[in-house]
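Peer 1: Can you read through this structure? Questions will come right after.
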Amino acid sequence: TQSTWGIRTRVGQEIRDVLDWDVLKNRLRSSGSASPTAPPQRFESITGLVLYVINRVGQLGAPAREEELHAQAQALVTRLGVLTGATAPSTSTPSSSDTIGSVVVEMFKFMFEAIRQLRQDIATYSLQMVSQELANKATEYEKEFASECLPSVSE
């Protein structure tokens with residue numbers, strides 16, 4: 001479990017570094033003020049952030065979920081691209097209720113849900129590892145517990 005804890009700590013710090021809100025806000029402000037006629041660049045940071053986190057979650061999480069994660073992330077990125085004009089509309093156009101803000105919010109919800117699922121996967125894996133170790137040592141632990149808690153029988 002020490003290696004699992006180390007991975008959790010390292011990946012958690014890596015994702016927190018990427019989710020540095022101050023850096024993200026500065027990027028959004030600076031890219032937006034550079035050229036007010038080119039709004040797509042303003043959202044490249046958000047798109048890059050979401051894709052980075054989803055790629056890491058896909059690498060570290062359950063392999064069965066990886067393809068679905070990437071497909072959902074790409075769909076959100078495409079919707080944002082169409083709304084900002086960075087991507088040409090495909091056969092599926094965004095709904096009339098789609099706004100840039102609603103898609104960005106959806107992207108963050110999706111990203112945080114993927115992180116939550118990864119945390120659950122890691123916790124489940126950690127419990128499985130501990131339970132196997134406990135099962136292997138159960139008899140030894142029970143004998144030790146009994147000898148400590150029960151009075152010894154004198155012969």
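Convention: chains lettered A, B, ... in structure tokens order; per-chain residue numbering from 1; ligands numbered from 1 as shown.
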Near stretch 97-112 of chain A, counting only C-alpha atoms, which residues have an atom at most 12 Å away, once you skip same-chain residues fewer than 2 positions from it, shown as a short mmCIF file (atom, residue, chain, number, x, y, z; two decimals) with N, CA and C atoms, in the first residue's frame?

Peer 2:
```cif
data_model
loop_
_atom_site.label_atom_id
_atom_site.label_comp_id
_atom_site.auth_asym_id
_atom_site.auth_seq_id
_atom_site.Cartn_x
_atom_site.Cartn_y
_atom_site.Cartn_z
N ILE A 15 -2.10 16.95 -10.51
CA ILE A 15 -3.38 17.49 -10.95
C ILE A 15 -3.66 18.83 -10.27
N ARG A 16 -3.32 18.96 -9.00
CA ARG A 16 -3.49 20.26 -8.32
C ARG A 16 -2.65 21.34 -8.99
N LEU A 19 -4.41 22.33 -12.06
CA LEU A 19 -5.65 23.05 -11.73
C LEU A 19 -5.38 24.32 -10.93
N PRO A 39 -11.69 34.97 -30.08
CA PRO A 39 -12.07 34.33 -28.82
C PRO A 39 -11.65 32.87 -28.69
N PRO A 40 -11.42 32.10 -29.77
CA PRO A 40 -11.04 30.69 -29.58
C PRO A 40 -9.79 30.51 -28.73
N ARG A 42 -8.88 32.07 -26.22
CA ARG A 42 -9.21 32.26 -24.82
C ARG A 42 -9.53 30.92 -24.15
N PHE A 43 -10.06 29.99 -24.90
CA PHE A 43 -10.52 28.73 -24.31
C PHE A 43 -9.55 27.58 -24.56
N GLU A 44 -8.43 27.85 -25.22
CA GLU A 44 -7.43 26.80 -25.42
C GLU A 44 -6.87 26.29 -24.10
N SER A 45 -6.71 27.17 -23.12
CA SER A 45 -6.20 26.77 -21.81
C SER A 45 -7.16 25.81 -21.13
N ILE A 46 -8.46 26.12 -21.19
CA ILE A 46 -9.45 25.25 -20.57
C ILE A 46 -9.48 23.91 -21.28
N THR A 47 -9.49 23.93 -22.60
CA THR A 47 -9.49 22.70 -23.37
C THR A 47 -8.25 21.87 -23.07
N GLY A 48 -7.10 22.51 -23.06
CA GLY A 48 -5.86 21.80 -22.75
C GLY A 48 -5.87 21.21 -21.36
N LEU A 49 -6.39 21.96 -20.40
CA LEU A 49 -6.48 21.50 -19.02
C LEU A 49 -7.36 20.26 -18.93
N VAL A 50 -8.55 20.33 -19.51
CA VAL A 50 -9.48 19.20 -19.44
C VAL A 50 -8.88 17.98 -20.12
N LEU A 51 -8.30 18.16 -21.29
CA LEU A 51 -7.72 17.02 -22.00
C LEU A 51 -6.54 16.42 -21.24
N TYR A 52 -5.73 17.26 -20.63
CA TYR A 52 -4.60 16.76 -19.85
C TYR A 52 -5.09 15.90 -18.68
N VAL A 53 -6.03 16.45 -17.92
CA VAL A 53 -6.54 15.72 -16.74
C VAL A 53 -7.22 14.42 -17.18
N ILE A 54 -8.01 14.47 -18.22
CA ILE A 54 -8.70 13.26 -18.68
C ILE A 54 -7.69 12.22 -19.18
N ASN A 55 -6.65 12.66 -19.86
CA ASN A 55 -5.61 11.70 -20.29
C ASN A 55 -4.95 11.04 -19.09
N ARG A 56 -4.63 11.81 -18.05
CA ARG A 56 -4.01 11.23 -16.84
C ARG A 56 -4.98 10.29 -16.14
N VAL A 57 -6.23 10.70 -16.02
CA VAL A 57 -7.23 9.84 -15.38
C VAL A 57 -7.39 8.56 -16.19
N GLY A 58 -7.41 8.69 -17.52
CA GLY A 58 -7.52 7.50 -18.37
C GLY A 58 -6.33 6.57 -18.21
N GLU A 68 -14.21 5.55 -23.26
CA GLU A 68 -15.41 6.36 -23.04
C GLU A 68 -15.05 7.75 -22.53
N LEU A 69 -14.07 7.83 -21.62
CA LEU A 69 -13.62 9.13 -21.12
C LEU A 69 -13.12 10.01 -22.25
N HIS A 70 -12.27 9.45 -23.11
CA HIS A 70 -11.72 10.23 -24.22
C HIS A 70 -12.81 10.66 -25.19
N ALA A 71 -13.78 9.79 -25.45
CA ALA A 71 -14.86 10.14 -26.37
C ALA A 71 -15.71 11.28 -25.81
N GLN A 72 -16.04 11.20 -24.51
CA GLN A 72 -16.85 12.26 -23.89
C GLN A 72 -16.08 13.58 -23.87
N ALA A 73 -14.79 13.51 -23.53
CA ALA A 73 -13.98 14.74 -23.49
C ALA A 73 -13.89 15.36 -24.88
N GLN A 74 -13.68 14.53 -25.89
CA GLN A 74 -13.57 15.05 -27.25
C GLN A 74 -14.88 15.69 -27.70
N ALA A 75 -16.00 15.09 -27.31
CA ALA A 75 -17.30 15.66 -27.67
C ALA A 75 -17.47 17.05 -27.04
N LEU A 76 -17.07 17.19 -25.80
CA LEU A 76 -17.17 18.50 -25.13
C LEU A 76 -16.23 19.52 -25.77
N VAL A 77 -15.02 19.09 -26.09
CA VAL A 77 -14.05 19.99 -26.73
C VAL A 77 -14.59 20.44 -28.09
N THR A 78 -15.19 19.53 -28.82
CA THR A 78 -15.75 19.87 -30.13
C THR A 78 -16.90 20.87 -29.97
N ARG A 79 -17.78 20.63 -29.00
CA ARG A 79 -18.88 21.57 -28.76
C ARG A 79 -18.36 22.96 -28.44
N LEU A 80 -17.34 23.04 -27.58
CA LEU A 80 -16.75 24.34 -27.25
C LEU A 80 -16.11 24.97 -28.48
N GLY A 81 -15.43 24.16 -29.26
CA GLY A 81 -14.79 24.66 -30.48
C GLY A 81 -15.79 25.23 -31.47
N VAL A 82 -16.93 24.55 -31.61
CA VAL A 82 -17.97 25.04 -32.53
C VAL A 82 -18.54 26.36 -32.02
N LEU A 83 -18.78 26.44 -30.72
CA LEU A 83 -19.36 27.67 -30.16
C LEU A 83 -18.40 28.86 -30.25
N THR A 84 -17.10 28.60 -30.13
CA THR A 84 -16.13 29.70 -30.18
C THR A 84 -15.66 29.99 -31.60
N GLY A 85 -16.03 29.12 -32.53
CA GLY A 85 -15.61 29.32 -33.91
C GLY A 85 -14.26 28.70 -34.23
N THR A 93 -24.76 19.61 -34.76
CA THR A 93 -24.56 20.98 -34.32
C THR A 93 -24.96 21.11 -32.86
N PRO A 94 -24.37 22.06 -32.15
CA PRO A 94 -24.74 22.23 -30.75
C PRO A 94 -26.20 22.63 -30.61
N SER A 95 -26.80 22.28 -29.51
CA SER A 95 -28.19 22.64 -29.30
C SER A 95 -28.30 24.14 -29.09
N ALA A 114 -14.65 12.61 -13.33
CA ALA A 114 -13.63 11.63 -13.71
C ALA A 114 -12.58 11.48 -12.61
N ILE A 115 -12.19 12.60 -11.99
CA ILE A 115 -11.22 12.55 -10.88
C ILE A 115 -11.83 11.82 -9.69
N ARG A 116 -13.11 12.10 -9.39
CA ARG A 116 -13.79 11.42 -8.29
C ARG A 116 -13.83 9.91 -8.54
N GLN A 117 -14.11 9.51 -9.76
CA GLN A 117 -14.15 8.09 -10.10
C GLN A 117 -12.77 7.46 -9.97
N LEU A 118 -11.73 8.19 -10.36
CA LEU A 118 -10.36 7.69 -10.21
C LEU A 118 -10.04 7.49 -8.73
N ARG A 119 -10.41 8.44 -7.90
CA ARG A 119 -10.17 8.30 -6.46
C ARG A 119 -10.88 7.07 -5.91
#
```
